[in-house]
Every structure is written in C-alpha cells, then in structure tokens.
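Trainee: Below you'll find the structure I mean.
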Amino acid sequence: MTDEWTALAEWLHRQGLTLLPGALQPLSGGIANRNERIELATGPAVLRRPPPGVLAAGASDMAREWRVISALAPHFPIVPRGLAFCDDAVVLGTPFLILAYRAGVAIGGTLPAGADGGALLDTTLAQMVALHALDPAAIGLGALGKPEGFHARQLRGWTQRATAVWPDRLPPVAAALIAALERDVPADDPAPALLHMDLKPDNLLVDPATMQARAMIDWDMATRGPRGFDLAILLSYWIEPGDPLAVQALQAVPSLAPGAATRADVAARYKALGGADPGALVWPVALARLRLAVAWVQLYRKWQRGEMAGDRYAGFETLALAILDQALAAFSKGQT
C-alpha cells in the first residue's frame with residue numbers, strides 16, 4: 001500500500017471507519033478538485049480534496065463544503081451524505097472530505113450516444129429551482145455567506161483574482177470589462193437564495209438512460225445570494241453555434257449538440273419549471289464570464305508551475321481571453 005493509502009487508513013480508523021485494501025480510484029470529470037473512489041467496510045465512498053499546489057484565495061474550500069452538505073443532505077436528498085471531514089493538512093497534504101458514493105455519470109461537453117440533451121437540461125434546471133426554493137434559515141444555513149452587496153463583492157473579489165493571475169498588467173479586455181461592470185452594479189436581491197455557484201450538468205450525476213439526477217456534487221463555493229447568479233453561471237458556459245469560434249473550444253456543457261437550447265431558451269425554461277423571476281441577466285452573465293475566464297487562467301498558472309498534469313490546460317489562457325472578448329461584446333450590446 002502507498003504511504004497516502006496508509007495515512008488515510010489510519011486517520012479513518014480514528015474516526016471509526018475502516019478503509020479496505022485497494023488503490024484509490026480516480027473518478028472521471030472535474031478539472032480542479034480531485035475525486036477518488038475508496039472502499040470502506042460500510043460500502044463505497046468518495047475521497048474529495050483540492051488539486052495539488054498553491055490554491056487561489058477562496059478556492060476548493062473543503063470546510064465550506066462540509067458545512068453545506070452537512071446541513072443540506074437531510075433536507076435535499078440529491079446531496080450525498082458527508083461521512084468525515086479532515087482539516088489537518090498533515091494527513092494527506094490538504095484538507096479533505098469523505099462522502100457517500102452515488103452511482104451516475106457526469107456529462108460535460110459531449111452528450112453520450114442516444115442521450116437526450118433536453119432532458120439533461122431540464123434535470124439541471126429542475127434541481128436548480130429546487131435548491132433555490134429551500135429556506136436557508138430553516139435548514140441551518142441562514143448565516144452562510146454575505147448576500148448583502150453580493151454583486152459588488154463578487155466583482156471586487158474576481159477583480160483581485162484577475163490581478164493575481166495577470167500581475168504585470170491586466171489584459172485590456174479584462175480591464176475594460178471590469179470598468180464597464182463597475183459602472184452599473186445591480187442592487188441586492190431582497191430574498192437571497194441558496195446558490196450552488198457552479199451548477200452545470202457535470203456537477204450532477206445522472207442516470208445515463210433517463211437523465212434523472214442521482215447526486216449534486218461540488219459544493220465548495222456554495223453561498224447565499226441572488227438566484228439569477230446561479231443561472232448566469234450556467235449561461236456563461238452555454239456556448240451557441242453562432243458564438244465566436246474561439247470560445248467554442250470551452251465545451252463544458254453539451255450546448256453545441258444538434259438541437260440544443262439557446263441561452264434565451266435556458267433562461268425561459270428555468271422559469272417554466274417553477275423558478276422565481278431571476279431578474280435581469282445581462283450584468284450577472286458578464287460577471288460570470290469574467291469569473292470563468294479568471295478561473296481558467298488560475299488553472300493555467302497551476303499547469304505552468306507543474307502542479308496540474310495533462311495537455312488539456314495548455315490553451316486555457318487563450319480561451320480565457322476569448323471568453324472575456326465575448327463577455328465585453330455581449331455586455332456592450334445588452335445581451336447574454
């Protein structure tokens with residue numbers, strides 16, 4: 001057994017859990033946090049932890065995820081149950097979670113053969129609507145995050161992160177987008193909802209035959225805020241065939257599949273499935289694209305430092321600049 005397996009087994013034993021012999025099995029999906037299947041005496045589980053190397057401020061917050069899933073799981077069955085949380089980086093090098101295993105597939109930019117993209121979209125949006133309908137205070141999350149000044153604080157935070165990944169000088173398109181957003185920050189939502197903050201199809205595990213959801217994962221950024229921002233984040237990934245070719249390389253959701261919904265369709269479907277009015281989306285989508293671009297450059301920098309393996313990250317900075325170009329052009333025209 002590896003030293004890592006031994007350290008994990010000893011720590012789990014102290015928590016009253018028994019790790020059975022065998023290798024850690026990486027689970028597919030995800031471009032940052034690591035998810036690996038393990039076998040406990042009580043059944044399969046998932047070891048979830050941040051990527052190796054230096055983390056950006058606020059990224060991969062396992063303590064936040066533990067707090068959120070511990071509160072949510074009893075009331076929102078789609079959330080896998082948390083089994084254990086370790087905040088001692090000495091054990092495996094980072095804090096980590098142990099979650100109950102849920103079977104299912106995570107669908108990224110390509111639909112599996114025969115899969116129904118419309119059903120997958122409806123599943124994603126229905127789960128988003130259900131999450132937003134929860135009363136945070138009633139389930140113990142009434143103090144999660146700071147919904148007051150949400151948009152301004154998000155813009156300020158992602159501006160700081162942009163400055164961190166481009167320390168010498170912000171790309172002109174990033175500076176122009178930030179300046180445009182600063183001139184027109186929306187007011188607070190009077191009824192903040194629970195937000196997942198990255199709810200796209202690959203953060204759901206679904207039945208590959210029916211597209212029904214079996215689990216909603218990746219809660220390390222969850223907070224309270226305007227429900228429209230969760231929808232805006234999904235729309236920031238939702239590339240259409242008529243979008244610039246440079247951004248079509250994103251391929252994070254299956255929005256380029258034949259017959260896929262448009263961004264306008266996605267927003268309308270959210271409301272049709274019972275979602276409350278998400279409000280105007282042009283500003284939130286532009287901010288969500290800024291966030292997406294900066295996150296991609298954060299991963300690119302980790303790849304440059306040798307902390308992330310694989311060629312998939314090599315074009316992330318180029319793609320990020322294309323996303324910023326799209327964001328500024330759409331925002332200038334009042335479009336999503």
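All residue names refer to the structure tokens as shown: chains lettered A, B, ... in order, residues numbered from 1 in each chain, ligands numbered from 1 in order.
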Excluding region 109-116 of chain A and its own-chain neighbours fewer than 4 positions away, which residues fall within 9 Å of it when counting only C-alpha atoms? Please give them as a list in words.

Mentor: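 The residues that qualify are Leu120, Leu121, Asp202, Pro208, Ala209, Thr210, Met211, Leu250, Gln251, Ala252, Val253, Pro254, Ser255, Leu256 and Ala257 of chain A.
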
Trainee: I'd like the neighbourhood of Pro80 (chain A) as a list in words, where a residue qualifies if any of its atoms comes within 12 Å (using only C-alpha atoms), though same-chain residues fewer than 4 positions away should be ignored.

Mentor: Ala45, Val46, Glu65, Trp66, Val68, Ile69, Ser70, Ala71, Leu72, Ala73, Pro74, His75, Phe76, Leu97, Ile98, Leu99, Ala100, Tyr101, Arg102, Ala103, Leu204, Leu205, Ala213, Arg214, Ala215, Met216, Ile217, Asp218 and Trp219 of chain A

Trainee: Filtering to C-alpha atoms, could you give me those residues as an mmCIF file, in the first residue's frame?

Mentor:
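Full text of result.cif as output:
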```
data_model
loop_
_atom_site.group_PDB
_atom_site.id
_atom_site.type_symbol
_atom_site.label_atom_id
_atom_site.label_comp_id
_atom_site.auth_asym_id
_atom_site.auth_seq_id
_atom_site.Cartn_x
_atom_site.Cartn_y
_atom_site.Cartn_z
ATOM 1 C CA ALA A 45 -17.241 6.210 -0.652
ATOM 2 C CA VAL A 46 -15.529 9.172 -2.291
ATOM 3 C CA GLU A 65 -18.359 22.186 1.527
ATOM 4 C CA TRP A 66 -18.542 20.083 4.689
ATOM 5 C CA VAL A 68 -23.029 22.992 3.464
ATOM 6 C CA ILE A 69 -23.538 19.294 2.743
ATOM 7 C CA SER A 70 -23.937 18.503 6.443
ATOM 8 C CA ALA A 71 -26.829 20.952 6.612
ATOM 9 C CA LEU A 72 -28.307 20.204 3.190
ATOM 10 C CA ALA A 73 -28.250 16.403 2.988
ATOM 11 C CA PRO A 74 -31.095 15.782 5.478
ATOM 12 C CA HIS A 75 -33.372 18.181 3.580
ATOM 13 C CA PHE A 76 -32.202 17.889 -0.030
ATOM 14 C CA LEU A 97 -13.844 15.083 2.716
ATOM 15 C CA ILE A 98 -15.213 11.564 2.688
ATOM 16 C CA LEU A 99 -18.624 11.380 1.002
ATOM 17 C CA ALA A 100 -21.124 8.602 0.467
ATOM 18 C CA TYR A 101 -20.741 7.227 -3.065
ATOM 19 C CA ARG A 102 -23.535 7.753 -5.587
ATOM 20 C CA ALA A 103 -23.593 5.936 -8.925
ATOM 21 C CA LEU A 204 -24.802 16.372 -11.404
ATOM 22 C CA LEU A 205 -24.515 12.606 -11.500
ATOM 23 C CA ALA A 213 -30.410 13.191 -11.203
ATOM 24 C CA ARG A 214 -28.813 10.921 -8.636
ATOM 25 C CA ALA A 215 -26.457 13.402 -6.954
ATOM 26 C CA MET A 216 -25.490 17.069 -6.944
ATOM 27 C CA ILE A 217 -21.801 17.490 -6.180
ATOM 28 C CA ASP A 218 -19.075 20.145 -5.847
ATOM 29 C CA TRP A 219 -20.361 22.413 -3.067
#
```

Trainee: List every residue of region 52-108 of chain A that has an atom at most 10 Å from any atom of region 10-16 of chain A, giving for each one its closest atom pair and the distance in Å to one decimal, counting only C-alpha atoms, sorted by chain and then by ascending residue number, as a Markdown table.

Mentor:
```
| residue | atom | partner | partner_atom | distance |
| --- | --- | --- | --- | --- |
| A:Leu83 | CA | A:Gln15 | CA | 9.5 |
| A:Ala84 | CA | A:Gln15 | CA | 7.6 |
| A:Phe85 | CA | A:Gln15 | CA | 9.6 |
| A:Cys86 | CA | A:Trp11 | CA | 8.7 |
| A:Val91 | CA | A:Trp11 | CA | 7.4 |
| A:Leu92 | CA | A:Trp11 | CA | 9.7 |
| A:Ile98 | CA | A:Leu12 | CA | 9.3 |
```

Trainee: Would you output that residue set with N, CA and C atoms, as a PDB file, in the first residue's frame?

Mentor:
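Output below, filename result_15.pdb:
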```
ATOM      1  N   LEU A  83     -19.441  11.796   5.276  1.00  0.00           N
ATOM      2  CA  LEU A  83     -19.079  10.782   6.263  1.00  0.00           C
ATOM      3  C   LEU A  83     -17.995  11.257   7.219  1.00  0.00           C
ATOM      4  N   ALA A  84     -17.088  12.094   6.731  1.00  0.00           N
ATOM      5  CA  ALA A  84     -15.995  12.567   7.593  1.00  0.00           C
ATOM      6  C   ALA A  84     -15.326  13.759   6.924  1.00  0.00           C
ATOM      7  N   PHE A  85     -14.763  14.631   7.756  1.00  0.00           N
ATOM      8  CA  PHE A  85     -14.023  15.796   7.263  1.00  0.00           C
ATOM      9  C   PHE A  85     -12.726  15.909   8.037  1.00  0.00           C
ATOM     10  N   CYS A  86     -11.630  16.122   7.316  1.00  0.00           N
ATOM     11  CA  CYS A  86     -10.320  16.308   7.949  1.00  0.00           C
ATOM     12  C   CYS A  86      -9.781  17.683   7.581  1.00  0.00           C
ATOM     13  N   VAL A  91      -2.274  15.058   7.194  1.00  0.00           N
ATOM     14  CA  VAL A  91      -2.657  13.685   6.856  1.00  0.00           C
ATOM     15  C   VAL A  91      -2.398  13.387   5.382  1.00  0.00           C
ATOM     16  N   LEU A  92      -2.990  14.197   4.482  1.00  0.00           N
ATOM     17  CA  LEU A  92      -2.834  13.958   3.040  1.00  0.00           C
ATOM     18  C   LEU A  92      -2.267  15.160   2.290  1.00  0.00           C
ATOM     19  N   ILE A  98     -14.781  12.892   3.082  1.00  0.00           N
ATOM     20  CA  ILE A  98     -15.213  11.564   2.688  1.00  0.00           C
ATOM     21  C   ILE A  98     -16.729  11.640   2.528  1.00  0.00           C
TER      22      ILE A  98
END
```

Trainee: Could the residues of region 228-292 of chain A that have an atom at most 10 Å from region 122-129 of chain A be listed as a Markdown table, each with its closest atom pair and the distance in Å to one decimal, counting only C-alpha atoms and ordered by chain and ascending residue number?

Mentor:
```
| residue | atom | partner | partner_atom | distance |
| --- | --- | --- | --- | --- |
| A:Asp230 | CA | A:Met128 | CA | 7.9 |
| A:Leu231 | CA | A:Met128 | CA | 8.2 |
| A:Leu234 | CA | A:Leu125 | CA | 9.5 |
| A:Val266 | CA | A:Leu125 | CA | 8.2 |
| A:Ala267 | CA | A:Leu125 | CA | 9.3 |
| A:Arg269 | CA | A:Leu125 | CA | 7.6 |
| A:Tyr270 | CA | A:Leu125 | CA | 5.7 |
| A:Lys271 | CA | A:Val129 | CA | 8.5 |
| A:Ala272 | CA | A:Ala126 | CA | 9.7 |
| A:Leu273 | CA | A:Ala126 | CA | 6.3 |
| A:Gly274 | CA | A:Val129 | CA | 6.6 |
| A:Gly275 | CA | A:Val129 | CA | 5.1 |
| A:Ala276 | CA | A:Val129 | CA | 8.0 |
```

Trainee: Store the residues picked out above in a file with C-alpha atoms, as a tab-separated table (two decimals), in the first residue's frame.

Mentor:
```tsv
chain	number	residue	atom	x	y	z
A	230	ASP	CA	-26.61	30.52	-10.42
A	231	LEU	CA	-28.47	30.77	-13.72
A	234	LEU	CA	-24.77	28.14	-16.25
A	266	VAL	CA	-32.35	28.10	-20.91
A	267	ALA	CA	-33.46	31.22	-19.02
A	269	ARG	CA	-37.01	27.08	-19.14
A	270	TYR	CA	-35.82	27.94	-15.62
A	271	LYS	CA	-38.98	29.99	-15.11
A	272	ALA	CA	-41.20	27.43	-16.85
A	273	LEU	CA	-40.00	24.75	-14.40
A	274	GLY	CA	-41.13	26.86	-11.46
A	275	GLY	CA	-38.19	29.12	-10.79
A	276	ALA	CA	-38.91	32.57	-9.44
```

Trainee: Counting only C-alpha atoms, which residue out of A:Asp184, A:Asp311, A:Asp277, A:Asp243 sits closest to Ser332 (chain A)?

Mentor: A:Asp184

Trainee: At what distance in Å, to one decimal, does CA of Asp265 (chain A) lie from CA of Gln212 (chain A)?

Mentor: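 Value for the CA of Gln212 (chain A)-CA of Asp265 (chain A) distance: 20.2 Å.
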